[in-house]
>>> print(open('my_file_35.cif').read())   # mmCIF, C-alpha atoms
data_data
#
loop_
_atom_site.label_atom_id
_atom_site.label_comp_id
_atom_site.auth_asym_id
_atom_site.auth_seq_id
_atom_site.Cartn_x
_atom_site.Cartn_y
_atom_site.Cartn_z
CA MET U 1 97.70 99.67 69.66
CA ILE U 2 99.38 102.97 70.55
CA LEU U 3 96.78 104.92 68.56
CA LEU U 4 94.00 103.06 70.36
CA ILE U 5 95.45 103.94 73.78
CA LEU U 6 95.85 107.59 72.77
CA HIS U 7 92.27 107.62 71.50
CA LYS U 8 91.00 106.31 74.85
CA ILE U 9 93.06 108.87 76.77
CA ILE U 10 91.61 111.68 74.65
CA LEU U 11 88.08 110.40 75.24
CA ALA U 12 88.74 110.25 78.99
CA ALA U 13 90.36 113.70 79.09
CA PRO U 14 87.30 115.47 80.56
CA ALA U 15 87.45 113.10 83.53
CA TRP U 16 90.87 114.30 84.62
CA ILE U 17 90.89 117.87 83.26
CA GLY U 18 87.67 118.61 85.14
CA PRO U 19 89.23 118.31 88.61
CA ILE U 20 92.06 120.64 87.54
CA MET U 21 89.56 123.26 86.40
CA ALA U 22 87.62 122.83 89.65
CA VAL U 23 90.76 123.44 91.69
CA ALA U 24 91.67 126.53 89.65
CA THR U 25 88.27 128.17 89.49
CA GLY U 26 86.78 127.00 92.77
CA GLY U 27 83.55 126.34 90.89
CA GLY U 28 80.60 124.43 92.23
CA ASP U 29 79.96 123.62 95.86
CA GLY U 30 83.22 121.78 96.32
CA HIS U 31 81.74 118.29 96.04
CA GLU U 32 83.19 117.72 92.58
CA ALA U 33 86.69 118.66 93.66
CA GLU U 34 86.35 116.50 96.76
CA GLY U 35 85.18 113.56 94.67
CA ALA U 36 88.05 114.06 92.25
CA ALA U 37 90.52 114.04 95.10
CA GLU U 38 89.04 110.81 96.41
CA SER U 39 89.19 109.24 92.95
CA HIS U 40 92.88 110.05 92.78
CA GLY U 41 93.46 108.02 95.87
CA ASP U 42 94.85 110.81 98.07
CA ASP U 43 94.13 110.69 101.75
CA HIS U 44 94.56 114.32 102.72
CA GLY U 45 90.99 115.57 102.86
CA GLY U 46 90.64 117.02 99.38
CA THR U 47 94.18 118.32 98.82
CA PRO U 48 94.50 119.01 95.06
CA HIS U 49 96.86 116.76 93.11
CA LEU U 50 97.43 116.30 89.41
CA PRO U 51 96.16 113.14 87.63
CA ASN U 52 98.66 110.30 87.55
CA LEU U 53 99.23 107.27 85.37
CA VAL U 54 97.70 104.79 87.81
CA THR U 55 94.40 106.63 88.19
CA VAL U 56 94.13 107.49 84.48
CA LEU U 57 94.80 103.94 83.28
CA GLY U 58 92.70 102.53 86.10
CA THR U 59 89.76 104.69 85.05
CA LEU U 60 90.18 103.67 81.40
CA ILE U 61 90.37 99.97 82.20
CA LEU U 62 88.23 99.57 85.33
CA GLY U 63 85.83 102.48 84.92
CA GLU U 64 84.16 103.81 88.05
CA GLU U 65 85.25 100.73 90.03
CA ASN U 66 88.86 101.91 90.00
CA TRP U 67 90.30 100.06 93.00
CA ALA U 68 93.83 100.98 91.87
CA ALA U 69 93.23 104.59 92.97
CA GLU U 70 93.20 103.42 96.58
CA TRP U 71 96.70 101.97 96.17
CA VAL U 72 98.30 104.73 94.10
CA ASN U 73 100.87 105.68 96.78
CA VAL U 74 101.84 102.08 97.41
CA ILE U 75 102.08 101.33 93.68
CA PHE U 76 104.37 104.28 92.99
CA ALA U 77 106.49 103.62 96.10
CA PHE U 78 106.85 99.95 95.16
CA GLY U 79 107.62 100.82 91.54
CA ILE U 80 110.39 103.20 92.58
CA GLY U 81 111.90 100.54 94.82
CA VAL U 82 111.86 98.00 92.00
CA PHE U 83 113.38 100.54 89.59
CA LEU U 84 116.23 101.38 91.97
CA SER U 85 116.94 97.70 92.63
CA VAL U 86 117.01 96.77 88.94
CA PHE U 87 119.02 99.86 88.00
CA ALA U 88 121.65 99.27 90.70
CA SER U 89 121.92 95.56 89.81
CA ARG U 90 122.37 96.31 86.11
CA VAL U 91 125.04 98.95 86.71
CA TYR U 92 126.90 96.68 89.13
CA ALA U 93 126.72 93.69 86.78
CA LYS U 94 128.16 95.74 83.88
CA ARG U 95 130.85 97.56 85.87
CA GLN U 96 134.21 97.98 84.12
CA MET U 97 137.72 98.97 85.09
CA ILE U 98 137.40 101.96 82.75
CA PRO U 99 133.88 103.20 83.57
CA GLY U 100 131.47 104.56 81.01
CA ARG U 101 129.30 107.61 81.45
CA LEU U 102 126.55 105.84 83.39
CA GLN U 103 128.97 104.07 85.71
CA ASN U 104 130.84 107.33 86.21
CA LEU U 105 127.62 109.09 87.16
CA VAL U 106 126.59 106.38 89.61
CA GLU U 107 130.06 106.24 91.18
CA MET U 108 130.06 110.03 91.55
CA MET U 109 126.69 109.96 93.33
CA VAL U 110 127.71 107.08 95.60
CA GLU U 111 131.04 108.73 96.42
CA GLY U 112 129.31 112.02 97.19
CA MET U 113 126.87 110.27 99.50
CA TYR U 114 129.71 108.34 101.16
CA ASN U 115 131.70 111.52 101.83
CA PHE U 116 128.61 113.20 103.26
CA VAL U 117 127.94 110.35 105.70
CA TYR U 118 131.67 110.01 106.48
CA SER U 119 131.75 113.61 107.70
CA ILE U 120 129.33 112.50 110.44
CA LEU U 121 130.04 108.83 111.17
CA GLY U 122 133.75 108.66 110.32
CA LYS U 123 135.12 105.13 110.23
CA GLU U 124 131.66 103.69 110.93
CA THR U 125 130.44 104.85 107.51
CA ARG U 126 131.02 101.55 105.68
CA LYS U 127 128.61 99.74 108.03
CA TYR U 128 125.74 102.14 107.56
CA ILE U 129 126.16 103.65 104.08
CA PRO U 130 124.08 100.88 102.39
CA PHE U 131 121.04 101.77 104.50
CA LEU U 132 121.54 105.54 104.53
CA GLY U 133 122.46 105.77 100.84
CA SER U 134 119.47 103.67 99.79
CA LEU U 135 117.24 105.78 102.02
CA PHE U 136 118.42 109.03 100.42
CA PHE U 137 118.05 107.97 96.78
CA TYR U 138 114.73 106.26 97.45
CA ILE U 139 113.23 109.36 99.07
CA LEU U 140 114.76 111.60 96.40
CA LEU U 141 113.09 109.67 93.57
CA MET U 142 109.79 109.52 95.45
CA ASN U 143 109.90 113.31 95.78
CA TRP U 144 110.94 113.97 92.18
CA ILE U 145 108.48 111.66 90.45
CA GLY U 146 105.61 113.90 91.51
CA MET U 147 106.89 116.57 89.09
CA VAL U 148 106.92 114.19 86.12
CA PRO U 149 103.80 114.34 83.90
CA LEU U 150 101.37 111.60 85.01
CA GLY U 151 103.67 110.92 87.95
CA HIS U 152 102.74 110.95 91.62
CA SER U 153 104.89 111.46 94.70
CA PRO U 154 104.24 108.82 97.39
CA SER U 155 105.75 111.27 99.90
CA VAL U 156 102.39 113.09 100.00
CA SER U 157 101.04 110.09 101.91
CA LEU U 158 101.64 110.22 105.65
CA SER U 159 101.52 106.42 105.79
CA ILE U 160 104.50 106.22 103.40
CA THR U 161 106.62 108.81 105.25
CA ALA U 162 105.67 107.28 108.60
CA SER U 163 106.77 103.85 107.35
CA LEU U 164 110.19 105.22 106.39
CA ALA U 165 110.48 107.06 109.71
CA LEU U 166 109.50 103.93 111.65
CA LEU U 167 112.06 101.89 109.72
CA THR U 168 114.76 104.44 110.58
CA PHE U 169 113.67 104.44 114.22
CA LEU U 170 113.83 100.64 114.49
CA TYR U 171 117.19 100.56 112.70
CA ALA U 172 118.65 103.15 115.10
CA GLN U 173 117.32 101.30 118.17
CA TRP U 174 118.63 97.99 116.87
CA THR U 175 122.02 99.62 116.28
CA GLY U 176 122.06 100.85 119.86
CA ILE U 177 121.14 97.44 121.28
CA THR U 178 123.68 95.53 119.17
CA ARG U 179 126.54 97.99 119.64
CA LEU U 180 125.97 98.88 123.29
CA GLY U 181 124.36 95.71 124.55
CA VAL U 182 121.05 95.66 126.41
CA GLY U 183 122.62 97.06 129.59
CA GLY U 184 124.53 99.76 127.71
CA TYR U 185 121.41 100.66 125.75
CA LEU U 186 119.36 101.15 128.94
CA HIS U 187 122.28 103.07 130.46
CA HIS U 188 122.24 105.35 127.41
CA LEU U 189 118.49 105.94 127.76
CA ALA U 190 119.03 106.75 131.42
CA GLY U 191 121.36 109.59 130.45
CA SER U 192 124.64 107.70 131.01
CA PRO U 193 124.78 108.46 134.76
CA ASN U 194 128.24 108.43 136.35
CA ASP U 195 127.79 110.17 139.71
CA VAL U 196 125.34 110.33 142.59
CA ILE U 197 123.37 113.30 141.24
CA SER U 198 122.98 111.82 137.75
CA TRP U 199 121.86 108.50 139.24
CA CYS U 200 119.22 110.32 141.27
CA LEU U 201 117.97 111.92 138.04
CA VAL U 202 117.72 108.58 136.23
CA PRO U 203 113.87 108.32 136.41
CA LEU U 204 113.48 111.79 134.91
CA MET U 205 116.24 111.39 132.32
CA PHE U 206 114.99 107.96 131.27
CA LEU U 207 111.49 109.36 130.68
CA LEU U 208 112.85 112.36 128.74
CA HIS U 209 115.08 110.15 126.57
CA LEU U 210 112.21 107.73 125.94
CA VAL U 211 109.89 110.55 124.85
CA GLY U 212 112.68 112.02 122.73
CA GLU U 213 113.24 108.73 120.93
CA LEU U 214 109.52 108.36 120.21
CA VAL U 215 109.27 111.92 118.91
CA LYS U 216 112.08 111.43 116.37
CA PRO U 217 110.11 109.27 113.89
CA CYS U 218 107.10 111.58 114.21
CA SER U 219 109.29 114.56 113.34
CA LEU U 220 110.82 112.76 110.35
CA ALA U 221 107.47 111.64 108.97
CA LEU U 222 105.64 114.96 109.41
CA ARG U 223 108.48 117.08 108.02
CA LEU U 224 108.80 115.10 104.80
CA PHE U 225 105.03 114.72 104.39
CA GLY U 226 104.27 118.40 105.00
CA ASN U 227 106.93 119.84 102.72
CA ILE U 228 106.28 117.54 99.75
CA THR U 229 102.50 117.88 100.10
CA GLY U 230 102.81 121.66 100.06
CA GLU U 231 105.09 121.55 97.01
CA ASP U 232 102.80 119.13 95.17
CA THR U 233 99.72 121.19 95.98
CA LEU U 234 101.39 124.42 94.84
CA ILE U 235 102.27 122.94 91.45
CA ALA U 236 98.79 121.44 91.04
CA VAL U 237 97.09 124.77 91.77
CA PHE U 238 99.23 126.69 89.28
CA VAL U 239 98.69 124.00 86.64
CA GLY U 240 94.97 124.46 87.21
CA LEU U 241 95.27 128.23 86.88
CA GLY U 242 97.17 127.81 83.62
CA VAL U 243 94.47 125.49 82.28
CA ALA U 244 91.77 127.92 83.42
CA LEU U 245 93.29 130.57 81.14
CA LEU U 246 92.00 128.51 78.22
CA ALA U 247 88.76 130.41 78.76
CA PHE U 248 90.52 133.64 77.74
CA SER U 249 93.15 132.44 75.26
CA PRO U 250 93.53 129.61 72.72
CA VAL U 251 96.34 128.01 74.73
CA GLY U 252 97.02 127.51 78.41
CA VAL U 253 99.88 129.20 80.22
CA PRO U 254 102.49 127.02 81.99
CA LEU U 255 102.38 129.04 85.21
CA GLN U 256 103.84 126.10 87.13
CA LEU U 257 107.22 126.07 85.37
CA PRO U 258 109.08 128.35 87.85
CA PHE U 259 107.85 126.17 90.70
CA TYR U 260 109.34 123.04 89.13
CA PHE U 261 112.84 124.39 89.76
CA LEU U 262 111.89 125.30 93.30
CA GLY U 263 110.36 121.84 93.71
CA LEU U 264 113.53 120.10 92.52
CA LEU U 265 115.55 122.06 95.06
CA LEU U 266 113.16 121.52 97.96
CA SER U 267 112.70 117.82 97.15
CA THR U 268 116.45 117.31 97.23
CA ILE U 269 116.79 119.25 100.47
CA GLN U 270 114.05 117.22 102.14
CA ALA U 271 115.65 113.91 101.10
CA LEU U 272 118.98 115.21 102.40
CA VAL U 273 117.49 116.41 105.69
CA PHE U 274 115.74 113.07 106.27
CA THR U 275 119.01 111.21 105.64
CA LEU U 276 121.05 113.66 107.73
CA LEU U 277 118.77 113.29 110.75
CA SER U 278 118.73 109.51 110.34
CA THR U 279 122.55 109.53 110.31
CA ILE U 280 122.63 111.63 113.49
CA TYR U 281 120.15 109.29 115.20
CA ILE U 282 122.43 106.35 114.41
CA LEU U 283 125.47 108.35 115.56
CA LEU U 284 123.87 108.98 118.94
CA MET U 285 123.41 105.23 119.42
CA LEU U 286 127.07 104.36 118.81
CA PRO U 287 129.54 103.92 121.70
CA HIS U 288 130.95 107.36 122.45
CA GLU U 289 134.57 106.36 122.04
CA GLU U 290 133.78 105.02 118.54
CA HIS U 291 132.18 108.13 117.07
CA ALA U 292 134.42 110.73 118.65
CA HIS U 293 136.42 111.89 115.67
#
>>> encode(input="my_file_35.cif", output="structure tokens")
Amino acid sequence: MILLILHKIILAAPAWIGPIMAVATGGGDGHEAEGAAESHGDDHGGTPHLPNLVTVLGTLILGEENWAAEWVNVIFAFGIGVFLSVFASRVYAKRQMIPGRLQNLVEMMVEGMYNFVYSILGKETRKYIPFLGSLFFYILLMNWIGMVPLGHSPSVSLSITASLALLTFLYAQWTGITRLGVGGYLHHLAGSPNDVISWCLVPLMFLLHLVGELVKPCSLALRLFGNITGEDTLIAVFVGLGVALLAFSPVGVPLQLPFYFLGLLLSTIQALVFTLLSTIYILLMLPHEEHAH
């Protein structure tokens, strides 16, 4: 069975090596590269990406009618969510008083994330660490999986990053409404007026705060999308250049290797920045006397 699958992958190799060569050499009139990008299910107007497991297997099984390519971002995002859920459940179910290596690693990561959020939220951390911690590790894995062979980062899809940003926005607004009350929430949006001048500025301050709240999810979504798309494109282009060197040497050159280390760093930073800003948005919605520490 394994040999049969490998045989089919080898036979289909020209279908997914071709787009890489097109990206590297810029050959043709661009229609082939554009078609390859569409077949890989990306929605960024021809941005080059490496082949992934979903599109390769979909092409082998479904042929030209590869509907799975249209859902590649959703499939990978859903798969990462399932993996994290199963992994966390298994580690929790097998926890011991004297932890093993895996439990030690997980506890170290959770403790590090807790301390990071605690430095911002203080005593409120326990209420919000489940959401913020899950958000960080979920985004981190989504960013990293794009650097795995036949992997694909869902963060290169604006719809995925916008969904996460919208979820954070709704969570922050719900936190403000539940912790401040409806009146306190509107008072906060009005700029927390406490004198005659500030009450006169309420219409202006309310509009500015409303626009500011609506801009926050846009900023979160575009920042994560732009950085990970640029990183993914950079690696794809240098992979293509390395493959293009096959025309001059018997083996390709892994020109992309230095950029993997840069990608790991930038992917981690972007996950951390997204979580940091989400934590600050929640902090700003808490009663002032509760988060003054």
>>> resolve_selection(input="my_file_35.cif", expression="the PyMOL selection byres ((chain U and resi 222-234) around 7)", output="PDB file with C-alpha atoms, in the frame of the given file")
ATOM      1  CA  THR U  47      94.180 118.320  98.820  1.00  0.00           C
ATOM      2  CA  PRO U  48      94.500 119.010  95.060  1.00  0.00           C
ATOM      3  CA  HIS U  49      96.860 116.760  93.110  1.00  0.00           C
ATOM      4  CA  ASN U 143     109.900 113.310  95.780  1.00  0.00           C
ATOM      5  CA  GLY U 146     105.610 113.900  91.510  1.00  0.00           C
ATOM      6  CA  SER U 155     105.750 111.270  99.900  1.00  0.00           C
ATOM      7  CA  VAL U 156     102.390 113.090 100.000  1.00  0.00           C
ATOM      8  CA  SER U 157     101.040 110.090 101.910  1.00  0.00           C
ATOM      9  CA  LEU U 158     101.640 110.220 105.650  1.00  0.00           C
ATOM     10  CA  THR U 161     106.620 108.810 105.250  1.00  0.00           C
ATOM     11  CA  CYS U 218     107.100 111.580 114.210  1.00  0.00           C
ATOM     12  CA  SER U 219     109.290 114.560 113.340  1.00  0.00           C
ATOM     13  CA  LEU U 220     110.820 112.760 110.350  1.00  0.00           C
ATOM     14  CA  ALA U 221     107.470 111.640 108.970  1.00  0.00           C
ATOM     15  CA  ILE U 235     102.270 122.940  91.450  1.00  0.00           C
ATOM     16  CA  ALA U 236      98.790 121.440  91.040  1.00  0.00           C
ATOM     17  CA  VAL U 237      97.090 124.770  91.770  1.00  0.00           C
ATOM     18  CA  PHE U 238      99.230 126.690  89.280  1.00  0.00           C
ATOM     19  CA  GLY U 263     110.360 121.840  93.710  1.00  0.00           C
ATOM     20  CA  SER U 267     112.700 117.820  97.150  1.00  0.00           C
ATOM     21  CA  GLN U 270     114.050 117.220 102.140  1.00  0.00           C
TER      22      GLN U 270
END
>>> resolve_selection(input="my_file_35.cif", expression="the PyMOL selection byres ((chain U and resi 284) around 12)", output="PyMOL selection string")
chain U and resi 120-121+172-173+175-176+179-180+185+188-189+191+209+213+277-283+285-292
>>> residues_around(input="my_file_35.cif", residues="Ile139 in chain U", least_positions_apart="3", cutoff="12 Å", atoms="all atoms listed in the file", output="MDAnalysis selection string")
chainID U and resid 76:77 80:81 84 132:136 142:146 153:156 160:161 163:165 221 224:225 228 267:275
>>> atom_distance(input="my_file_35.cif", atom1="CA of Trp71 in chain U", atom2="CA of Leu53 in chain U")
12.3 Å
>>> atom_distance(input="my_file_35.cif", atom1="CA of Ser85 in chain U", atom2="CA of Val106 in chain U")
13.3 Å
>>> atom_distance(input="my_file_35.cif", atom1="CA of Tyr171 in chain U", atom2="CA of Phe131 in chain U")
9.1 Å
>>> residues_around(input="my_file_35.cif", residues="Ala190 in chain U", least_positions_apart="6", cutoff="6 Å", atoms="all atoms listed in the file", output="count of residues only")
3
>>> closest_residue(input="my_file_35.cif", among="U:Gly240, U:Pro217, U:Gly151, U:Gly212", to="Leu166 in chain U", atoms="all atoms listed in the file")
U:Pro217
>>> closest_residue(input="my_file_35.cif", among="U:Ala68, U:Ala88, U:Thr125, U:Leu167", to="Lys216 in chain U", atoms="all atoms listed in the file")
U:Leu167
